[in-house]
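Enquirer: Dropping in my_file24.cif, which is mmCIF, C-alpha atoms:
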```cif
data_entry
loop_
_atom_site.label_atom_id
_atom_site.label_comp_id
_atom_site.auth_asym_id
_atom_site.auth_seq_id
_atom_site.Cartn_x
_atom_site.Cartn_y
_atom_site.Cartn_z
CA MET L 142 272.11 101.27 -175.75
CA PRO L 143 272.32 102.93 -172.41
CA PRO L 144 275.36 102.24 -170.39
CA THR L 145 274.91 99.70 -167.63
CA GLU L 146 275.48 100.70 -164.09
CA PRO L 147 278.03 98.81 -162.11
CA ARG L 148 276.46 96.01 -160.00
CA ASP L 149 276.97 95.94 -156.29
CA GLU L 150 277.72 92.32 -155.71
CA ARG L 151 277.38 92.73 -151.94
CA ALA L 152 273.82 94.03 -152.32
CA MET L 153 272.50 91.61 -154.93
CA PRO L 154 274.00 88.12 -155.01
CA VAL L 155 274.29 86.34 -158.27
CA VAL L 156 272.73 82.93 -157.94
CA GLY L 157 272.10 80.21 -160.34
CA ASP L 158 269.61 77.37 -160.38
CA GLY L 159 268.81 75.94 -156.96
CA GLY L 160 269.74 79.13 -155.10
CA VAL L 161 273.46 78.32 -155.21
CA PRO L 162 275.63 81.39 -155.99
CA GLU L 163 277.51 81.39 -159.30
CA ALA L 164 281.21 81.60 -159.53
CA GLY L 165 282.36 84.98 -158.35
CA GLY L 166 279.02 85.71 -156.69
CA VAL L 167 278.39 86.39 -153.03
CA ASP L 168 276.13 84.11 -150.96
CA LEU L 169 274.29 86.27 -148.53
CA GLN L 170 272.03 83.50 -147.18
CA PRO L 171 272.55 82.69 -143.54
CA ASP L 172 274.61 79.65 -142.74
CA VAL L 173 271.68 78.14 -140.83
CA GLU L 174 269.54 78.01 -143.94
CA ARG L 175 272.36 76.57 -145.99
CA ILE L 176 273.05 73.85 -143.41
CA HIS L 177 269.39 72.83 -143.02
CA ARG L 178 268.64 72.96 -146.72
CA ALA L 179 269.32 69.23 -147.13
CA ILE L 180 267.26 68.40 -144.07
CA ARG L 181 264.27 70.28 -145.42
CA ARG L 182 264.35 68.15 -148.54
CA GLU L 183 263.95 64.92 -146.45
CA PRO L 184 260.43 63.54 -145.63
CA HIS L 185 259.06 63.89 -142.13
CA ASP L 186 259.73 61.17 -139.56
CA PRO L 187 256.75 58.90 -138.87
CA ILE L 188 254.84 59.36 -135.58
CA GLU L 189 255.07 56.29 -133.34
CA GLY L 190 251.94 54.81 -131.74
CA ARG L 191 249.65 55.12 -134.72
CA GLU L 192 250.67 51.99 -136.57
CA PRO L 193 247.88 49.46 -137.18
CA VAL L 194 247.86 46.28 -135.09
CA PRO L 195 248.94 43.21 -137.07
CA TRP L 196 246.01 41.06 -138.06
CA PHE L 197 247.52 37.86 -136.71
CA PHE L 198 247.86 39.45 -133.27
CA THR L 199 244.17 40.35 -133.27
CA ALA L 200 243.29 36.85 -134.42
CA ALA L 201 245.36 35.30 -131.61
CA ILE L 202 243.57 37.41 -128.97
CA ALA L 203 240.17 36.44 -130.35
CA LEU L 204 241.13 32.77 -130.41
CA ALA L 205 242.41 32.91 -126.81
CA LEU L 206 239.17 34.52 -125.61
CA PHE L 207 237.11 31.91 -127.40
CA TRP L 208 239.16 29.05 -125.96
CA GLY L 209 239.00 30.50 -122.43
CA GLY L 210 235.22 30.78 -122.59
CA TRP L 211 234.91 27.22 -123.83
CA TYR L 212 237.24 25.90 -121.09
CA LEU L 213 235.35 27.66 -118.29
CA GLY L 214 232.07 26.45 -119.65
CA ARG L 215 233.32 22.88 -119.92
CA TYR L 216 235.26 22.53 -116.67
CA GLY L 217 234.30 25.52 -114.52
CA GLY L 218 230.97 24.21 -113.33
CA GLU L 219 227.84 26.25 -113.17
CA PHE L 220 228.11 29.95 -112.43
CA GLY L 221 225.76 29.80 -109.49
CA LEU L 222 225.49 29.21 -105.76
CA ALA L 223 224.98 25.49 -106.26
CA THR L 224 228.62 25.15 -107.30
CA HIS L 225 229.85 26.23 -103.85
CA VAL L 226 227.45 24.26 -101.66
CA ALA L 227 226.99 20.55 -101.14
CA ASN L 228 224.89 18.99 -103.86
CA ALA L 229 222.21 16.86 -102.29
CA THR L 230 222.19 14.42 -105.19
CA ARG L 231 225.87 13.59 -104.63
CA GLN L 232 225.70 13.00 -100.88
CA PRO L 233 224.47 9.38 -101.10
CA GLY L 234 227.33 8.51 -103.42
CA ILE L 235 229.90 10.11 -101.14
CA ALA L 236 228.46 8.36 -98.08
CA ALA L 237 228.41 5.04 -99.94
CA ALA L 238 232.05 5.46 -100.96
CA ALA L 239 233.06 6.23 -97.37
CA ALA L 240 231.15 3.22 -96.08
CA GLU L 241 232.75 1.01 -98.71
CA GLN L 242 236.20 2.21 -97.72
CA ALA L 243 235.50 1.57 -94.04
CA ALA L 244 234.20 -1.92 -94.83
CA ALA L 245 237.30 -2.65 -96.89
CA ALA L 246 239.48 -1.56 -93.98
CA VAL L 247 237.71 -4.10 -91.76
CA GLN L 248 237.70 -6.96 -94.26
CA ASP L 249 241.24 -6.51 -95.61
CA PRO L 250 243.16 -4.16 -93.33
CA VAL L 251 246.46 -4.72 -95.14
CA ALA L 252 245.09 -3.60 -98.52
CA ALA L 253 243.24 -0.69 -96.96
CA GLY L 254 246.33 0.25 -94.95
CA ARG L 255 248.45 0.22 -98.09
CA ALA L 256 246.06 2.70 -99.71
CA VAL L 257 246.16 4.99 -96.66
CA TYR L 258 249.95 4.73 -96.49
CA ASN L 259 250.46 5.54 -100.16
CA GLN L 260 248.24 8.57 -99.87
CA ASN L 261 249.48 10.05 -96.59
CA CYS L 262 252.77 8.49 -95.47
CA GLN L 263 254.75 7.56 -98.55
CA GLY L 264 256.07 11.08 -99.13
CA CYS L 265 258.19 10.99 -95.95
CA HIS L 266 258.78 7.32 -95.17
CA GLN L 267 259.05 6.32 -98.85
CA ALA L 268 257.33 3.41 -100.58
CA THR L 269 259.84 0.93 -99.17
CA GLY L 270 259.31 2.16 -95.61
CA LYS L 271 263.01 2.91 -95.17
CA GLY L 272 262.59 6.68 -94.92
CA ILE L 273 265.27 9.22 -95.80
CA PRO L 274 268.50 9.06 -93.77
CA GLY L 275 268.94 12.14 -91.61
CA ALA L 276 265.47 13.49 -92.38
CA PHE L 277 262.68 10.93 -91.94
CA PRO L 278 263.09 7.75 -89.88
CA PRO L 279 262.37 4.31 -91.32
CA ILE L 280 259.38 2.24 -90.28
CA VAL L 281 260.97 -1.04 -91.32
CA ASP L 282 262.90 -2.60 -88.43
CA SER L 283 261.67 0.21 -86.18
CA GLU L 284 260.99 -0.76 -82.58
CA TRP L 285 258.45 2.07 -82.38
CA VAL L 286 256.37 0.32 -85.06
CA THR L 287 256.84 -3.32 -84.16
CA GLY L 288 256.67 -2.76 -80.42
CA PRO L 289 253.45 -2.50 -78.40
CA ALA L 290 250.45 -1.71 -80.57
CA GLU L 291 249.40 1.11 -78.29
CA THR L 292 252.66 2.96 -79.03
CA VAL L 293 252.23 3.11 -82.79
CA VAL L 294 248.56 4.00 -82.32
CA ARG L 295 249.50 6.88 -80.04
CA ILE L 296 251.99 8.16 -82.62
CA LEU L 297 249.45 7.97 -85.44
CA LEU L 298 246.74 9.70 -83.42
CA HIS L 299 248.69 12.58 -81.89
CA GLY L 300 252.00 12.70 -83.76
CA LEU L 301 255.58 12.65 -82.54
CA GLN L 302 258.06 15.46 -81.88
CA GLY L 303 261.57 15.89 -80.58
CA PRO L 304 264.59 13.59 -80.79
CA VAL L 305 263.91 9.90 -81.25
CA GLU L 306 266.26 7.00 -81.88
CA VAL L 307 265.22 4.61 -84.64
CA ALA L 308 267.31 1.68 -85.83
CA GLY L 309 270.43 3.07 -84.18
CA ALA L 310 270.13 6.58 -85.66
CA THR L 311 268.77 9.71 -83.99
CA TYR L 312 266.18 11.87 -85.74
CA ASN L 313 264.90 15.22 -84.56
CA GLY L 314 261.76 16.30 -86.36
CA ALA L 315 258.00 16.30 -86.09
CA MET L 316 255.32 13.94 -87.34
CA PRO L 317 251.80 15.35 -87.75
CA ALA L 318 248.76 14.03 -85.94
CA TRP L 319 246.16 12.09 -87.93
CA LYS L 320 243.34 11.88 -85.39
CA ASP L 321 241.33 14.58 -87.16
CA VAL L 322 242.03 13.20 -90.64
CA LEU L 323 241.72 9.42 -90.44
CA LYS L 324 239.02 7.28 -88.86
CA ASP L 325 239.71 4.54 -86.35
CA GLU L 326 239.40 1.84 -89.02
CA GLU L 327 241.86 3.65 -91.28
CA ILE L 328 244.41 4.18 -88.49
CA ALA L 329 244.11 0.52 -87.50
CA ALA L 330 244.55 -0.51 -91.14
CA VAL L 331 247.67 1.58 -91.76
CA ALA L 332 249.13 0.49 -88.41
CA THR L 333 248.57 -3.14 -89.40
CA TYR L 334 250.14 -2.53 -92.80
CA ILE L 335 253.34 -0.93 -91.53
CA ARG L 336 253.70 -3.55 -88.78
CA GLN L 337 253.80 -6.21 -91.52
CA LEU L 338 255.78 -4.23 -94.12
CA GLU L 339 258.96 -5.79 -95.49
CA ALA L 340 260.79 -7.44 -92.58
CA ASN L 341 258.28 -6.34 -89.91
CA GLU L 342 256.33 -9.21 -88.38
CA ALA L 343 254.17 -7.61 -85.69
CA PRO L 344 250.55 -8.58 -85.03
CA ALA L 345 247.64 -6.69 -86.54
CA VAL L 346 246.05 -3.75 -84.73
CA PRO L 347 242.28 -3.95 -84.22
CA SER L 348 240.15 -0.86 -84.58
CA ALA L 349 238.97 -1.32 -80.98
CA GLU L 350 242.51 -0.56 -79.84
CA VAL L 351 242.45 2.72 -81.77
CA SER L 352 239.05 3.64 -80.36
CA ALA L 353 240.22 2.93 -76.82
CA ARG L 354 243.39 4.97 -77.25
CA ARG L 355 241.48 7.85 -78.84
CA ALA L 356 239.08 7.93 -75.88
CA ALA L 357 241.86 7.59 -73.32
CA ASP L 358 243.91 10.47 -74.76
CA ALA L 359 241.01 12.66 -75.86
CA ALA L 360 242.23 15.59 -73.76
CA ARG L 361 245.71 15.54 -75.25
CA THR L 362 246.57 18.37 -77.65
CA ALA L 363 250.37 18.14 -78.01
CA ALA L 364 252.38 15.57 -79.89
CA TRP L 365 254.09 12.77 -78.00
CA THR L 366 257.78 12.67 -77.22
CA ALA L 367 259.91 9.55 -77.09
CA ALA L 368 260.23 9.77 -73.30
CA GLU L 369 256.46 10.14 -72.85
CA LEU L 370 255.78 7.15 -75.06
CA ARG L 371 258.18 4.96 -73.11
CA GLN L 372 256.58 6.08 -69.88
CA ALA L 373 253.04 5.49 -71.19
CA GLU L 374 253.71 2.00 -72.54
CA GLY L 375 251.67 -0.57 -70.64
CA SER L 376 249.12 1.87 -69.22
CA ALA L 377 245.54 0.65 -69.64
CA PRO L 378 243.12 2.90 -71.53
CA ALA L 379 240.54 4.82 -69.58
CA GLY L 380 237.40 2.74 -69.02
CA ALA L 381 239.22 -0.57 -69.43
CA ALA L 382 237.95 -3.62 -67.57
CA PRO L 383 239.24 -3.95 -64.00
CA SER L 384 242.03 -6.37 -63.30
CA ALA L 385 241.16 -10.00 -62.70
CA THR L 386 240.59 -11.34 -59.19
CA PRO L 387 243.90 -12.32 -57.59
CA ALA L 388 244.57 -16.01 -57.44
CA GLY L 389 243.14 -17.65 -54.30
CA GLU L 390 240.47 -14.98 -53.61
CA GLY L 391 236.97 -16.21 -54.40
CA ALA L 392 238.24 -19.05 -56.59
CA PRO L 393 237.66 -22.74 -55.72
CA ARG L 394 240.66 -24.65 -54.44
CA PRO L 395 241.26 -28.35 -54.20
CA ALA L 396 240.42 -30.18 -50.97
CA GLY L 397 243.27 -30.28 -48.55
CA SER L 398 245.11 -27.36 -50.15
CA PRO L 399 246.12 -24.57 -47.84
CA ALA L 400 244.04 -21.46 -47.86
CA VAL L 401 245.44 -18.44 -49.68
CA GLY L 402 244.81 -14.96 -48.46
CA PRO L 403 244.13 -13.45 -45.04
CA GLN L 404 242.90 -15.93 -42.42
CA PRO L 405 240.70 -15.09 -39.37
CA ALA L 406 242.55 -14.46 -36.12
CA PRO L 407 242.53 -17.36 -33.59
CA PRO L 408 240.32 -16.98 -30.46
CA THR L 409 242.02 -15.41 -27.50
CA THR L 410 239.39 -15.86 -24.70
CA PRO L 411 237.51 -18.98 -23.38
CA ALA L 412 234.17 -17.46 -24.52
CA GLU L 413 235.46 -17.06 -28.07
CA ALA L 414 237.01 -20.54 -28.08
CA ALA L 415 233.84 -22.37 -26.89
CA PRO L 416 231.98 -22.23 -30.23
CA HIS L 417 235.04 -23.47 -32.09
CA ALA L 418 235.49 -26.36 -29.60
CA ALA L 419 231.82 -27.32 -29.90
CA GLY L 420 232.05 -27.56 -33.66
CA ARG L 421 235.06 -29.88 -33.56
CA SER L 422 234.54 -33.59 -33.90
CA PRO L 423 235.68 -35.67 -30.93
#
```
Just dump the structure as structure tokens.
Expert:
Amino acid sequence: MPPTEPRDERAMPVVGDGGVPEAGGVDLQPDVERIHRAIRREPHDPIEGREPVPWFFTAAIALALFWGGWYLGRYGGEFGLATHVANATRQPGIAAAAAEQAAAAVQDPVAAGRAVYNQNCQGCHQATGKGIPGAFPPIVDSEWVTGPAETVVRILLHGLQGPVEVAGATYNGAMPAWKDVLKDEEIAAVATYIRQLEANEAPAVPSAEVSARRAADAARTAAWTAAELRQAEGSAPAGAAPSATPAGEGAPRPAGSPAVGPQPAPPTTPAEAAPHAAGRSP
């Protein structure tokens, strides 16, 4: 048997199973390979973004699309021009409803005024008519409401702005104008309602008063102030009937009562006095 040559352990490492050097051997593998050897045995990390969408998520989207289509078809109207223009077949019904509301305002102004108040005024002045302290003035026990009818009509038509004293408290705000929103019958109805609300006991307001005030203040564009309303109280609307004939002018008077009004001047010359003397009884 030939003699064996001595082995150079530095040139040829002695390794066992798995590439791990045996006892006494020399590991010539780089440290990098030895460190990453365990990592190379692990499976690769999954790539994000390629997972399948859950089936229940897809089903929810499909159900939402189906429900949205059904809702638009049921409540969205027709997908056409007719949806955005006045439908001729509905005009008679709308006109009839408006006429019925106007007739109700004439027949029962309190009930009609309550409906107008609940729809347009209740948010600020409250259902009780007592308003909100410091923000919105009350209409119950308000001299602006129970005073002259023309005052409350002016406020409803053109609004009110600036400081105003109501029931002993001062408010500084703005009330909108309703002349372009409510008809004369509706304004008269709501004015009648608030003038008889709770403790208020003011007379009703006829629609003719609203029409006269609307015509008289047609050129007005700004809201009223408290000072302007006080100054305007008692002024007759434009086109109102002239004042009556003063007493004693053109009216019959009892026999023997003294004449009222300017009398003719007495004659100053004999020529002027002759006709008067001739007409006297002896």
Enquirer: Can you list, as a PyMOL selection string, every protein, DNA or RNA residue that comes within 12 Å of Ala276 (chain L) when you count only C-alpha atoms, leaving out same-chain residues fewer than 6 positions away?
Expert: chain L and resi 264-267+304-305+307+310-316
Enquirer: Generate a file of the selected residues that holds C-alpha atoms, formatted as an mmCIF file, in the coordinates of the input.
Expert:
```cif
data_model
loop_
_atom_site.group_PDB
_atom_site.id
_atom_site.type_symbol
_atom_site.label_atom_id
_atom_site.label_comp_id
_atom_site.auth_asym_id
_atom_site.auth_seq_id
_atom_site.Cartn_x
_atom_site.Cartn_y
_atom_site.Cartn_z
ATOM 1 C CA GLY L 264 256.070 11.080 -99.130
ATOM 2 C CA CYS L 265 258.190 10.990 -95.950
ATOM 3 C CA HIS L 266 258.780 7.320 -95.170
ATOM 4 C CA GLN L 267 259.050 6.320 -98.850
ATOM 5 C CA PRO L 304 264.590 13.590 -80.790
ATOM 6 C CA VAL L 305 263.910 9.900 -81.250
ATOM 7 C CA VAL L 307 265.220 4.610 -84.640
ATOM 8 C CA ALA L 310 270.130 6.580 -85.660
ATOM 9 C CA THR L 311 268.770 9.710 -83.990
ATOM 10 C CA TYR L 312 266.180 11.870 -85.740
ATOM 11 C CA ASN L 313 264.900 15.220 -84.560
ATOM 12 C CA GLY L 314 261.760 16.300 -86.360
ATOM 13 C CA ALA L 315 258.000 16.300 -86.090
ATOM 14 C CA MET L 316 255.320 13.940 -87.340
#
```
Enquirer: Work out how far CA of Trp285 (chain L) is from CA of Leu338 (chain L), in Å to one decimal.
Expert: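 Answer for the CA of Leu338 (chain L) to CA of Trp285 (chain L) separation: 13.6 Å.
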Enquirer: Compile the contact shell of region 360-364 of chain L as a list in words: residues with an atom at most 7 Å away, counting only C-alpha atoms, same-chain residues fewer than 4 positions apart removed.
Expert: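 So, after excluding close chain neighbours, the residues are His299, Gly300, Leu301 and Gln302 of chain L.
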Enquirer: Export C-alpha atoms of the chosen residues as a short mmCIF file (atom, residue, chain, number, x, y, z; two decimals), keeping the file's coordinate frame?
Expert:
```cif
data_model
loop_
_atom_site.label_atom_id
_atom_site.label_comp_id
_atom_site.auth_asym_id
_atom_site.auth_seq_id
_atom_site.Cartn_x
_atom_site.Cartn_y
_atom_site.Cartn_z
CA HIS L 299 248.69 12.58 -81.89
CA GLY L 300 252.00 12.70 -83.76
CA LEU L 301 255.58 12.65 -82.54
CA GLN L 302 258.06 15.46 -81.88
#
```
Enquirer: So how far away is CA of Ala349 (chain L) from CA of Ala290 (chain L), in Å?
Expert: 11.5 Å
Enquirer: So which one's closest to Ser348 (chain L), L:Glu326, L:Val331, L:Asn261, L:Ala368? Using all atoms listed in the file, please.
Expert: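 Closest to Ser348 (chain L), using all atoms listed in the file: L:Glu326.
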Enquirer: Can you turn the PyMOL selection byres ((chain L and resi 287) around 10) into a concrete residue list for this file, as JSON, numbers by chain?
Expert: {"L": [280, 281, 282, 283, 284, 285, 286, 288, 289, 290, 292, 293, 332, 333, 335, 336, 337, 341, 342, 343, 344]}
